[in-house]
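Working notes, beginning with the structure itself.
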There are 2 protein chains.
Amino acid sequence: MRHAVILAGGSGTRLWPASRRRRPKQFLDLTGDGSLLAAALRRAAGAVDGTVVVVTAADQAPLVAEHAAAAGVTVDVLAEPVARNTAAAMGLAVVHLLHRDPDAVLGALPADQHVGDEAAMARAIERAFAAAERGAMVNGVRRDLICTIGLTPTRPDTGFGYLELGADADLGVPGVRDVARFVEKPDLATAEAYLAGGRHLWNGGMFFVRARRLADELARQLPATWAGLDRIAAALDGDAAAVATTTAEAYAALPSISIDHGVMEGAAGVVTVPADVGWSDVGSWAALAELRGADAAGNVTAGQVVTCDASGNLAVTDPDRVIALVGVHDLVVVQAGDAILVVPRDRAQDVRLAVEALGRAGLDRYL
Amino acid sequence: MRHAVILAGGSGTRLWPASRRRRPKQFLDLTGDGSLLAAALRRAAGAVDGTVVVVTAADQAPLVAEHAAAAGVTVDVLAEPVARNTAAAMGLAVVHLLHRDPDAVLGALPADQHVGDEAAMARAIERAFAAAERGAMVNGVRRDLICTIGLTPTRPDTGFGYLELGADADLGVPGVRDVARFVEKPDLATAEAYLAGGRHLWNGGMFFVRARRLADELARQLPATWAGLDRIAAALDGDAAAVATTTAEAYAALPSISIDHGVMEGAAGVVTVPADVGWSDVGSWAALAELRGADAAGNVTAGQVVTCDASGNLAVTDPDRVIALVGVHDLVVVQAGDAILVVPRDRAQDVRLAVEALGRAGLDRYL
């Protein structure tokens, strides 16, 4: 069966003050259509006939359950005892899925991304699952594949890894291409060349693979990680208390490494479904501004905002609050809860400076 | 006896969002030392041996009582049934004072100004009371004077009226000068000439006069106003209900005119005590910024504010809130209650544009 695995353990600060340590980006309603997580859960639930597994930090499990309820999606929440990066989190999902479905095919879907064209994304996911299930025939032997979704770049972004396209994968699934290689975050000149060349796609962290194949890759490439996960797998036949105890002990001992670095970049037989789906990782307030419509003066607003002789601003405020912008241009002004951020739109990434300054000032309670 | 009259009926919006319709500027703690009204009440109470009368809108009477309690000052609150500008409000105080003290000398002191040097202001008030009590001998006859306090200008401000200095008044009270004339708000070139010439002082609305003399001026210059006030005066011997009924009826019929235009500009025998007392009407956020110390980068802050690569800003926030400024310069950023204002510091006067826009947008509840 097809299952989805959603890693929802992030704690990003790039959308501070809306995102906080205890309320990362995926829990925010940034577009007025519900949270990014709720959208991800609906996207996942529509694509699978198996389960939707969400791996998250223990203290965020209640929030996940709340957003799943809002989305009308039944989820299986796996709580990480401690944070050990994405290879461990994905591995935890793999051993749970294999325990209940030895033939599981999983789709890894991020919790905190925006998709503008859900129909196109649904088509891409459908093809990626099909590619992962079908595999490739190599010398008369079926070989399992890892199928990613490669996102059409719309700007020379230096914040993403890229997939370099190879030949048509010839699987009998339309559009699937070999991945020649993974490329680390490029410099600007390289990113511009990628954009112009048309042979590079953004790696958005989505991939589809038989759970058994992913377990084999973990065992081959990250043996220490797999040893710990195997202890957890062995405990799954026991009672809940034993599972919890073993998971807590074994998980804490896992190395902290990402699934991209630890597994994907070293795997053979990786293909991709190129997808032009209006994708955004909503990685900054400036990125959010691009997702929402602007008024005639180029102001993008969420909540009650009045503007006077002001243009090009992004202003976001909670309900029952108001922001008045007079004579200012190209600013980001965000009020969320007890905090306010003001930063030029072209320096939106520098919200991290504010986060660091709050820490230095002993104002961690606002993070 | 000496009495103080404080008109606290304003509803300024120039310090929105801190000031609101129901919480005008005088009720704000702008410097961390208590409200402007509390400071005015303490200033007044220290200067008089009679009463401190506060004339205010009926719906603000409880707030006035609260700030008087905070200041530790006993006040006599006169509630205006409706707003009829300052000539009517001052006249109401005059009839009440004359009823209980036919020899009353009153000092009119604003409710919403900041004084940097209270000792110098106390000295000026003392001399102004003395000048009003002493009067001038003209051809062997004692003539009552109206003594203003003229504030040393520190910039070519076009938002104030000015007093043009005449000769030494020769009253036996140090420093008192004749006022040659009142000048309306000048244009910038004129204001610059005034500043350079040293013969013009700001009219801050403070004056000292025998109540009887002020009643005579009202009767002479504003006979319709005085007729109404006289009806109220005649009722003051009756019971409280009769006073309230007569006041409500007569006051509503009074013309709406300011004491400056209606009385002061047409009065003879006006003198002034020049005073250099660190005075400010706190008429804009920019003016407030000048009252508070700046950090090394020129940022003036009140409340919890962190700044990163930001300079020349004024940031004001409520307790238990935080503002983060990143990479912005010379802005005013104010959070007060449910509203936020962002405006360049050199356009701080344009807060009125925000106030107007809120009204047009049907967001009056934030005003």
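Labels used: A, B, ... for chains in the order of the structure tokens, numbers from 1 for residues in each chain, and numbers from 1 for ligands as shown.
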query = If you run DSSP on this backbone, which residues of segment 181-223 of chain B come out as helix (DSSP H, G or I), and could you give them as a PyMOL selection string?
reply = chain B and resi 188-197+211-221+223
Hey, can you spit out that residue selection with C-alpha atoms as a JSON list (two decimals), in the first residue's frame?
```json
[["chain", "number", "residue", "atom", "x", "y", "z"],
["B", 188, "LEU", "CA", 8.43, 79.00, 8.31],
["B", 189, "ALA", "CA", 10.36, 82.10, 7.22],
["B", 190, "THR", "CA", 8.60, 84.18, 9.86],
["B", 191, "ALA", "CA", 9.18, 81.51, 12.50],
["B", 192, "GLU", "CA", 12.88, 81.46, 11.63],
["B", 193, "ALA", "CA", 13.04, 85.23, 11.93],
["B", 194, "TYR", "CA", 11.31, 85.01, 15.33],
["B", 195, "LEU", "CA", 13.80, 82.42, 16.52],
["B", 196, "ALA", "CA", 16.76, 84.51, 15.36],
["B", 197, "GLY", "CA", 15.37, 87.79, 16.66],
["B", 211, "ALA", "CA", -11.21, 85.57, 38.16],
["B", 212, "ARG", "CA", -13.19, 88.82, 38.37],
["B", 213, "ARG", "CA", -11.11, 90.39, 35.60],
["B", 214, "LEU", "CA", -11.56, 87.33, 33.39],
["B", 215, "ALA", "CA", -15.31, 87.41, 34.00],
["B", 216, "ASP", "CA", -15.31, 91.06, 32.93],
["B", 217, "GLU", "CA", -13.42, 90.20, 29.74],
["B", 218, "LEU", "CA", -15.89, 87.42, 28.95],
["B", 219, "ALA", "CA", -18.81, 89.79, 29.51],
["B", 220, "ARG", "CA", -17.22, 92.44, 27.32],
["B", 221, "GLN", "CA", -15.84, 90.33, 24.49],
["B", 223, "PRO", "CA", -21.50, 88.58, 25.80]]
```
inquiry  = List the spatial neighbours of Thr74 of chain B as a PyMOL selection string - criterion: any atom at most 9 Å away, only C-alpha atoms, same-chain residues fewer than 4 positions off excluded.
reply    = chain B and resi 41+45+51-52+65+68-69
Can you write just those residues out, C-alpha atoms, as a short mmCIF file (atom, residue, chain, number, x, y, z; two decimals), in the first residue's frame?
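File produced: selection27.cif:
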```
data_model
loop_
_atom_site.label_atom_id
_atom_site.label_comp_id
_atom_site.auth_asym_id
_atom_site.auth_seq_id
_atom_site.Cartn_x
_atom_site.Cartn_y
_atom_site.Cartn_z
CA LEU B 41 -1.86 68.29 38.72
CA ALA B 45 -1.23 71.76 43.49
CA THR B 51 -8.29 74.56 44.75
CA VAL B 52 -7.22 72.70 41.65
CA ALA B 65 -10.15 61.16 39.26
CA ALA B 68 -5.52 62.72 40.47
CA ALA B 69 -5.43 59.87 42.96
#
```
inquiry  = Show me, as an MDAnalysis selection string, the residues of chain B whose atoms get within 8 Å of chain A, using only C-alpha atoms for the distance check.
reply    = chainID B and resid 306:308 320:328 338:344 347 350:351 353:354 357:358 361 366
request  = Extract, using only C-alpha atoms, all DNA, RNA and protein residues at most 12 Å from His200 of chain A, discarding same-chain residues fewer than 4 positions from it, and format them as a ChimeraX atom specification.
outcome  = /A:150-157,160-166,177-186,190-196,272,274-275
Writing out the chosen residues with N, CA and C atoms as a short mmCIF file (atom, residue, chain, number, x, y, z; two decimals), in the first residue's frame:
```cif
data_model
loop_
_atom_site.label_atom_id
_atom_site.label_comp_id
_atom_site.auth_asym_id
_atom_site.auth_seq_id
_atom_site.Cartn_x
_atom_site.Cartn_y
_atom_site.Cartn_z
N GLY A 150 10.99 16.91 -8.63
CA GLY A 150 11.89 18.02 -8.89
C GLY A 150 11.11 19.24 -9.32
N LEU A 151 11.32 20.34 -8.61
CA LEU A 151 10.46 21.51 -8.80
C LEU A 151 11.07 22.49 -9.77
N THR A 152 10.29 22.91 -10.74
CA THR A 152 10.76 23.87 -11.74
C THR A 152 11.19 25.16 -11.04
N PRO A 153 12.44 25.56 -11.18
CA PRO A 153 12.86 26.79 -10.50
C PRO A 153 12.27 28.03 -11.17
N THR A 154 11.95 29.02 -10.38
CA THR A 154 11.38 30.26 -10.92
C THR A 154 12.29 31.45 -10.69
N ARG A 155 13.40 31.21 -10.01
CA ARG A 155 14.38 32.28 -9.76
C ARG A 155 15.70 31.59 -9.41
N PRO A 156 16.81 32.31 -9.51
CA PRO A 156 18.12 31.70 -9.23
C PRO A 156 18.35 31.62 -7.73
N ASP A 157 17.64 30.74 -7.06
CA ASP A 157 17.69 30.70 -5.60
C ASP A 157 18.94 29.96 -5.13
N PHE A 160 18.48 26.54 -2.02
CA PHE A 160 18.04 25.15 -2.20
C PHE A 160 19.15 24.30 -2.81
N GLY A 161 19.07 22.97 -2.57
CA GLY A 161 19.82 22.03 -3.38
C GLY A 161 19.09 21.81 -4.70
N TYR A 162 19.83 21.36 -5.73
CA TYR A 162 19.24 21.16 -7.05
C TYR A 162 19.42 19.70 -7.48
N LEU A 163 18.56 19.25 -8.35
CA LEU A 163 18.67 17.94 -9.01
C LEU A 163 19.06 18.19 -10.46
N GLU A 164 20.13 17.54 -10.90
CA GLU A 164 20.52 17.67 -12.30
C GLU A 164 19.85 16.55 -13.08
N LEU A 165 19.09 16.91 -14.12
CA LEU A 165 18.31 15.94 -14.88
C LEU A 165 19.20 15.09 -15.78
N GLY A 166 18.90 13.79 -15.80
CA GLY A 166 19.53 12.90 -16.77
C GLY A 166 18.54 12.53 -17.86
N ARG A 177 12.35 11.22 -15.16
CA ARG A 177 13.71 11.37 -15.67
C ARG A 177 14.71 10.82 -14.66
N ASP A 178 15.81 10.34 -15.17
CA ASP A 178 16.91 9.99 -14.26
C ASP A 178 17.44 11.26 -13.58
N VAL A 179 17.95 11.07 -12.37
CA VAL A 179 18.68 12.18 -11.71
C VAL A 179 20.16 11.90 -11.91
N ALA A 180 20.85 12.81 -12.63
CA ALA A 180 22.27 12.62 -12.89
C ALA A 180 23.07 12.81 -11.61
N ARG A 181 22.66 13.82 -10.83
CA ARG A 181 23.32 14.02 -9.54
C ARG A 181 22.58 15.05 -8.71
N PHE A 182 22.83 14.99 -7.42
CA PHE A 182 22.35 16.03 -6.51
C PHE A 182 23.41 17.12 -6.44
N VAL A 183 22.97 18.37 -6.43
CA VAL A 183 23.91 19.48 -6.34
C VAL A 183 23.60 20.26 -5.05
N GLU A 184 24.66 20.55 -4.30
CA GLU A 184 24.50 21.35 -3.08
C GLU A 184 24.06 22.77 -3.44
N LYS A 185 23.67 23.51 -2.42
CA LYS A 185 23.27 24.91 -2.65
C LYS A 185 24.34 25.63 -3.46
N PRO A 186 23.97 26.17 -4.61
CA PRO A 186 24.97 26.79 -5.49
C PRO A 186 25.22 28.26 -5.14
N THR A 190 26.12 30.23 -10.44
CA THR A 190 25.74 28.87 -10.79
C THR A 190 24.22 28.73 -10.83
N ALA A 191 23.55 29.33 -9.84
CA ALA A 191 22.09 29.26 -9.80
C ALA A 191 21.48 29.91 -11.03
N GLU A 192 22.10 31.01 -11.46
CA GLU A 192 21.59 31.68 -12.66
C GLU A 192 21.79 30.81 -13.90
N ALA A 193 22.92 30.13 -13.95
CA ALA A 193 23.18 29.22 -15.08
C ALA A 193 22.18 28.06 -15.06
N TYR A 194 21.89 27.54 -13.87
CA TYR A 194 20.91 26.46 -13.75
C TYR A 194 19.55 26.92 -14.27
N LEU A 195 19.15 28.12 -13.85
CA LEU A 195 17.85 28.63 -14.25
C LEU A 195 17.76 28.79 -15.77
N ALA A 196 18.85 29.31 -16.36
CA ALA A 196 18.87 29.53 -17.81
C ALA A 196 18.94 28.20 -18.56
N THR A 272 13.33 11.27 -11.05
CA THR A 272 12.54 12.41 -10.59
C THR A 272 11.37 12.68 -11.51
N PRO A 274 9.63 15.81 -12.82
CA PRO A 274 9.67 17.28 -12.85
C PRO A 274 8.26 17.84 -12.67
N ALA A 275 8.14 18.87 -11.85
CA ALA A 275 6.81 19.39 -11.51
C ALA A 275 6.83 20.91 -11.45
#
```
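Comparing B:Ser35, B:Trp285, B:Val48, B:Asp295 by their smallest distance to Trp16 of chain B, the closest is B:Trp285 (using only C-alpha atoms).
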remark   = Counting only C-alpha atoms, closest pick from A:Gly359, A:Gly72, A:Gly12, A:Gly266 relative to Asp112 of chain A is A:Gly12
inquiry  = Rounded to one decimal, what separation in Å do you get between atom CA of Ile257 of chain B and atom CA of Thr86 of chain B?
reply    = 6.6 Å
Interatomic distance (Å, one decimal) between atom CA of Arg231 of chain A and atom CA of Ile6 of chain A =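 Distance reported for this atom pair: 22.5 Å.
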Check segment 157-350 of chain B with DSSP on the backbone and list each residue it calls strand (DSSP E), as a compact mmCIF listing (two decimals) with N, CA and C atoms, in the first residue's frame.
```
# COMPACT_ATOMS: atom_id res chain seq x y z
N TYR B 162 2.66 82.85 18.78
CA TYR B 162 3.80 83.47 19.46
C TYR B 162 3.35 84.73 20.20
N LEU B 163 4.11 85.10 21.22
CA LEU B 163 3.94 86.37 21.95
C LEU B 163 5.09 87.27 21.56
N GLU B 164 4.76 88.49 21.13
CA GLU B 164 5.84 89.43 20.82
C GLU B 164 6.12 90.27 22.07
N LEU B 165 7.37 90.25 22.51
CA LEU B 165 7.74 90.93 23.76
C LEU B 165 7.72 92.44 23.60
N GLY B 166 7.20 93.13 24.63
CA GLY B 166 7.30 94.58 24.71
C GLY B 166 8.31 94.98 25.78
N ALA B 167 8.08 96.13 26.40
CA ALA B 167 9.01 96.66 27.39
C ALA B 167 8.89 95.89 28.70
N ASP B 168 9.86 96.13 29.57
CA ASP B 168 9.77 95.62 30.93
C ASP B 168 8.49 96.15 31.55
N ARG B 177 7.48 91.06 31.39
CA ARG B 177 7.54 91.96 30.24
C ARG B 177 6.13 92.20 29.70
N ASP B 178 5.93 93.36 29.12
CA ASP B 178 4.68 93.60 28.40
C ASP B 178 4.60 92.67 27.18
N VAL B 179 3.38 92.31 26.79
CA VAL B 179 3.17 91.60 25.53
C VAL B 179 2.71 92.64 24.51
N ALA B 180 3.53 92.84 23.47
CA ALA B 180 3.18 93.83 22.44
C ALA B 180 1.99 93.34 21.63
N ARG B 181 2.01 92.05 21.30
CA ARG B 181 0.87 91.49 20.59
C ARG B 181 0.97 89.96 20.53
N PHE B 182 -0.19 89.37 20.28
CA PHE B 182 -0.24 87.94 20.01
C PHE B 182 -0.08 87.74 18.51
N VAL B 183 0.69 86.75 18.09
CA VAL B 183 0.88 86.46 16.68
C VAL B 183 0.34 85.06 16.39
N HIS B 200 10.39 86.93 20.33
CA HIS B 200 9.12 86.20 20.28
C HIS B 200 9.21 84.92 21.10
N LEU B 201 8.15 84.67 21.83
CA LEU B 201 8.08 83.48 22.68
C LEU B 201 6.87 82.65 22.27
N TRP B 202 6.97 81.34 22.52
CA TRP B 202 5.81 80.49 22.25
C TRP B 202 4.69 80.75 23.25
N ASN B 203 3.47 80.80 22.75
CA ASN B 203 2.30 80.88 23.62
C ASN B 203 1.84 79.47 23.94
N GLY B 204 2.11 79.04 25.16
CA GLY B 204 1.77 77.67 25.55
C GLY B 204 0.40 77.57 26.21
N GLY B 205 -0.34 78.66 26.23
CA GLY B 205 -1.71 78.59 26.75
C GLY B 205 -1.83 78.75 28.26
N MET B 206 -0.73 79.12 28.90
CA MET B 206 -0.79 79.36 30.35
C MET B 206 -1.04 80.83 30.62
N PHE B 207 -1.98 81.13 31.51
CA PHE B 207 -2.17 82.52 31.91
C PHE B 207 -2.70 82.60 33.32
N PHE B 208 -2.52 83.78 33.93
CA PHE B 208 -2.82 83.99 35.34
C PHE B 208 -3.55 85.32 35.45
N VAL B 209 -4.68 85.30 36.15
CA VAL B 209 -5.54 86.49 36.14
C VAL B 209 -6.52 86.40 37.31
N ARG B 210 -6.93 87.56 37.81
CA ARG B 210 -8.01 87.54 38.79
C ARG B 210 -9.27 87.02 38.09
N VAL B 270 -1.84 92.83 28.93
CA VAL B 270 -1.32 91.46 29.00
C VAL B 270 0.20 91.53 29.14
N VAL B 271 0.70 90.81 30.10
CA VAL B 271 2.15 90.75 30.31
C VAL B 271 2.58 89.28 30.27
N THR B 272 3.89 89.07 30.31
CA THR B 272 4.35 87.67 30.26
C THR B 272 5.60 87.48 31.10
N VAL B 273 5.74 86.27 31.61
CA VAL B 273 6.97 85.85 32.26
C VAL B 273 7.71 84.94 31.28
N PRO B 274 8.80 85.44 30.69
CA PRO B 274 9.56 84.56 29.80
C PRO B 274 10.14 83.38 30.59
N ALA B 275 10.04 82.19 30.02
CA ALA B 275 10.47 81.01 30.76
C ALA B 275 11.17 80.03 29.84
N TRP B 279 10.21 73.04 27.83
CA TRP B 279 8.79 72.80 27.60
C TRP B 279 8.55 72.08 26.28
N SER B 280 7.57 71.20 26.26
CA SER B 280 7.15 70.55 25.01
C SER B 280 5.66 70.28 25.08
N VAL B 300 15.51 55.75 19.99
CA VAL B 300 14.82 56.09 21.23
C VAL B 300 13.77 55.01 21.46
N THR B 301 13.81 54.37 22.61
CA THR B 301 12.90 53.25 22.83
C THR B 301 12.18 53.38 24.16
N ALA B 302 10.96 52.88 24.19
CA ALA B 302 10.19 52.76 25.42
C ALA B 302 9.55 51.39 25.40
N GLN B 304 10.16 47.07 25.64
CA GLN B 304 11.17 46.11 25.19
C GLN B 304 11.37 46.22 23.69
N VAL B 305 12.54 46.67 23.30
CA VAL B 305 12.84 46.86 21.87
C VAL B 305 14.23 46.31 21.62
N VAL B 306 14.38 45.48 20.59
CA VAL B 306 15.72 45.10 20.16
C VAL B 306 15.96 45.70 18.78
N THR B 307 17.18 46.18 18.57
CA THR B 307 17.53 46.82 17.30
C THR B 307 18.76 46.12 16.74
N CYS B 308 18.76 45.89 15.43
CA CYS B 308 19.87 45.26 14.73
C CYS B 308 20.14 46.09 13.49
N LEU B 314 12.31 55.73 16.60
CA LEU B 314 11.57 55.78 17.86
C LEU B 314 10.68 54.55 17.89
N ALA B 315 10.84 53.73 18.92
CA ALA B 315 10.01 52.53 19.05
C ALA B 315 9.40 52.52 20.44
N VAL B 316 8.09 52.38 20.48
CA VAL B 316 7.34 52.42 21.74
C VAL B 316 6.43 51.21 21.78
N VAL B 322 7.18 43.01 22.62
CA VAL B 322 8.53 43.32 22.15
C VAL B 322 8.45 43.77 20.70
N ILE B 323 9.30 44.73 20.36
CA ILE B 323 9.46 45.18 18.97
C ILE B 323 10.89 44.86 18.55
N ALA B 324 11.05 44.25 17.38
CA ALA B 324 12.37 44.02 16.80
C ALA B 324 12.50 44.85 15.54
N LEU B 325 13.53 45.70 15.51
CA LEU B 325 13.80 46.53 14.34
C LEU B 325 15.09 46.04 13.71
N VAL B 326 15.01 45.65 12.44
CA VAL B 326 16.18 45.14 11.74
C VAL B 326 16.39 45.98 10.48
N LEU B 331 12.55 55.68 11.60
CA LEU B 331 11.12 55.35 11.63
C LEU B 331 10.56 55.60 13.01
N VAL B 332 9.25 55.84 13.05
CA VAL B 332 8.47 55.76 14.28
C VAL B 332 7.69 54.45 14.21
N VAL B 333 7.86 53.60 15.21
CA VAL B 333 7.12 52.34 15.31
C VAL B 333 6.48 52.30 16.69
N VAL B 334 5.16 52.38 16.73
CA VAL B 334 4.46 52.42 18.01
C VAL B 334 3.44 51.30 18.07
N GLN B 335 3.53 50.50 19.11
CA GLN B 335 2.48 49.54 19.42
C GLN B 335 1.81 50.02 20.70
N ALA B 336 0.49 50.15 20.65
CA ALA B 336 -0.28 50.51 21.85
C ALA B 336 -1.60 49.76 21.78
N ALA B 339 -3.26 48.27 18.34
CA ALA B 339 -2.90 48.97 17.10
C ALA B 339 -1.40 49.24 17.02
N ILE B 340 -0.94 49.32 15.77
CA ILE B 340 0.47 49.56 15.47
C ILE B 340 0.55 50.64 14.41
N LEU B 341 1.46 51.58 14.61
CA LEU B 341 1.72 52.63 13.63
C LEU B 341 3.17 52.53 13.17
N VAL B 342 3.38 52.64 11.85
CA VAL B 342 4.73 52.75 11.30
C VAL B 342 4.74 53.93 10.35
N VAL B 343 5.63 54.89 10.61
CA VAL B 343 5.68 56.13 9.82
C VAL B 343 7.12 56.67 9.91
N PRO B 344 7.63 57.26 8.83
CA PRO B 344 8.96 57.88 8.96
C PRO B 344 8.92 59.00 10.00
```
So which residues touch segment 237-247 of chain B within 9 Å, counting only C-alpha atoms, skipping near sequence neighbours fewer than 4 positions away, as a CSV table (one decimal) with N, CA and C atoms, in the first residue's frame?
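Produced file out_13.csv, reproduced below:
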```csv
chain,number,residue,atom,x,y,z
B,80,GLU,N,-18.0,69.0,31.7
B,80,GLU,CA,-18.7,69.8,30.6
B,80,GLU,C,-19.8,68.9,30.1
B,81,PRO,N,-21.0,69.4,30.1
B,81,PRO,CA,-22.2,68.6,29.5
B,81,PRO,C,-21.9,68.2,28.1
B,92,LEU,N,-16.7,78.4,32.8
B,92,LEU,CA,-17.4,77.5,33.8
B,92,LEU,C,-16.6,77.5,35.0
B,99,HIS,N,-17.9,82.0,42.9
B,99,HIS,CA,-19.0,81.6,43.8
B,99,HIS,C,-18.4,81.3,45.2
B,228,GLY,N,-24.9,83.0,29.2
B,228,GLY,CA,-25.1,81.6,29.6
B,228,GLY,C,-24.4,81.3,30.9
B,229,LEU,N,-23.2,81.7,31.0
B,229,LEU,CA,-22.4,81.4,32.3
B,229,LEU,C,-23.1,82.1,33.5
B,231,ARG,N,-26.2,82.6,33.9
B,231,ARG,CA,-27.3,81.8,34.3
B,231,ARG,C,-26.8,80.6,35.2
B,232,ILE,N,-25.7,80.0,34.9
B,232,ILE,CA,-25.1,79.0,35.7
B,232,ILE,C,-24.7,79.5,37.0
B,233,ALA,N,-24.1,80.7,37.0
B,233,ALA,CA,-23.6,81.4,38.3
B,233,ALA,C,-24.8,81.6,39.2
B,251,TYR,N,-25.1,75.5,29.2
B,251,TYR,CA,-23.8,75.2,28.6
B,251,TYR,C,-24.0,74.8,27.1
B,252,ALA,N,-25.0,74.0,26.9
B,252,ALA,CA,-25.2,73.5,25.5
B,252,ALA,C,-25.5,74.7,24.5
```
Write out as a compact mmCIF listing (two decimals) with N, CA and C atoms, in the first residue's frame which residues come within 9 Å of segment 124-133 of chain B when counting only C-alpha atoms, dropping same-chain ones fewer than 3 positions away.
```txt
# COMPACT_ATOMS: atom_id res chain seq x y z
N ARG B 2 -5.02 81.68 45.53
CA ARG B 2 -4.61 81.21 44.21
C ARG B 2 -5.24 79.85 43.93
N ALA B 47 1.47 74.99 43.43
CA ALA B 47 1.51 76.44 43.19
C ALA B 47 0.38 77.20 43.86
N VAL B 105 -7.77 84.32 42.40
CA VAL B 105 -6.83 84.51 41.30
C VAL B 105 -6.60 83.13 40.70
N LEU B 106 -6.73 83.06 39.38
CA LEU B 106 -6.60 81.71 38.80
C LEU B 106 -5.41 81.64 37.86
N GLY B 107 -4.83 80.46 37.86
CA GLY B 107 -3.78 80.14 36.88
C GLY B 107 -4.30 79.04 35.97
N ALA B 119 11.57 73.09 38.43
CA ALA B 119 11.93 74.18 39.35
C ALA B 119 11.80 75.53 38.64
N ALA B 120 12.30 75.57 37.40
CA ALA B 120 12.20 76.82 36.64
C ALA B 120 10.73 77.14 36.35
N MET B 121 9.94 76.11 36.08
CA MET B 121 8.52 76.34 35.82
C MET B 121 7.83 76.83 37.09
N ALA B 136 -0.98 96.55 37.68
CA ALA B 136 -0.13 97.70 37.35
C ALA B 136 -0.83 98.97 37.82
N ASP B 144 -5.89 95.51 36.86
CA ASP B 144 -5.57 94.08 36.83
C ASP B 144 -4.92 93.70 35.51
N LEU B 145 -3.98 92.79 35.59
CA LEU B 145 -3.27 92.32 34.41
C LEU B 145 -3.61 90.86 34.13
N ILE B 146 -3.39 90.49 32.90
CA ILE B 146 -3.35 89.05 32.55
C ILE B 146 -1.91 88.71 32.29
N CYS B 147 -1.37 87.78 33.08
CA CYS B 147 0.04 87.43 32.91
C CYS B 147 0.15 86.04 32.30
N THR B 148 0.76 85.99 31.13
CA THR B 148 1.01 84.69 30.49
C THR B 148 2.39 84.18 30.88
N ILE B 149 2.67 82.93 30.50
CA ILE B 149 4.05 82.44 30.55
C ILE B 149 4.47 82.24 29.11
N LEU B 171 6.71 95.94 37.26
CA LEU B 171 5.72 95.65 38.30
C LEU B 171 6.35 95.41 39.65
N GLY B 172 7.67 95.34 39.67
CA GLY B 172 8.31 94.91 40.92
C GLY B 172 8.41 93.41 41.03
N VAL B 173 8.02 92.72 39.97
CA VAL B 173 8.21 91.26 39.92
C VAL B 173 9.27 91.00 38.85
N PRO B 174 10.34 90.27 39.20
CA PRO B 174 11.45 90.15 38.25
C PRO B 174 11.04 89.52 36.92
N GLY B 175 11.54 90.10 35.83
CA GLY B 175 11.47 89.46 34.52
C GLY B 175 10.18 89.66 33.76
N VAL B 176 9.15 90.27 34.36
CA VAL B 176 7.86 90.37 33.67
C VAL B 176 7.94 91.43 32.58
N PHE B 207 -1.98 81.13 31.51
CA PHE B 207 -2.17 82.52 31.91
C PHE B 207 -2.70 82.60 33.32
N PHE B 208 -2.52 83.78 33.93
CA PHE B 208 -2.82 83.99 35.34
C PHE B 208 -3.55 85.32 35.45
N VAL B 209 -4.68 85.30 36.15
CA VAL B 209 -5.54 86.49 36.14
C VAL B 209 -6.52 86.40 37.31
N ARG B 210 -6.93 87.56 37.81
CA ARG B 210 -8.01 87.54 38.79
C ARG B 210 -9.27 87.02 38.09
N VAL B 271 0.70 90.81 30.10
CA VAL B 271 2.15 90.75 30.31
C VAL B 271 2.58 89.28 30.27
N THR B 272 3.89 89.07 30.31
CA THR B 272 4.35 87.67 30.26
C THR B 272 5.60 87.48 31.10
N VAL B 273 5.74 86.27 31.61
CA VAL B 273 6.97 85.85 32.26
C VAL B 273 7.71 84.94 31.28
N PRO B 274 8.80 85.44 30.69
CA PRO B 274 9.56 84.56 29.80
C PRO B 274 10.14 83.38 30.59
N ALA B 275 10.04 82.19 30.02
CA ALA B 275 10.47 81.01 30.76
C ALA B 275 11.17 80.03 29.84
N VAL B 277 12.08 76.46 30.20
CA VAL B 277 11.79 75.40 31.17
C VAL B 277 11.78 74.01 30.55
```
request  = Can you work out the spacing between atom CA of Ala8 of chain A and atom CA of Gln113 of chain A in Å, to one decimal?
outcome  =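 Pair atom CA of Ala8 of chain A / atom CA of Gln113 of chain A returns 11.1 Å.
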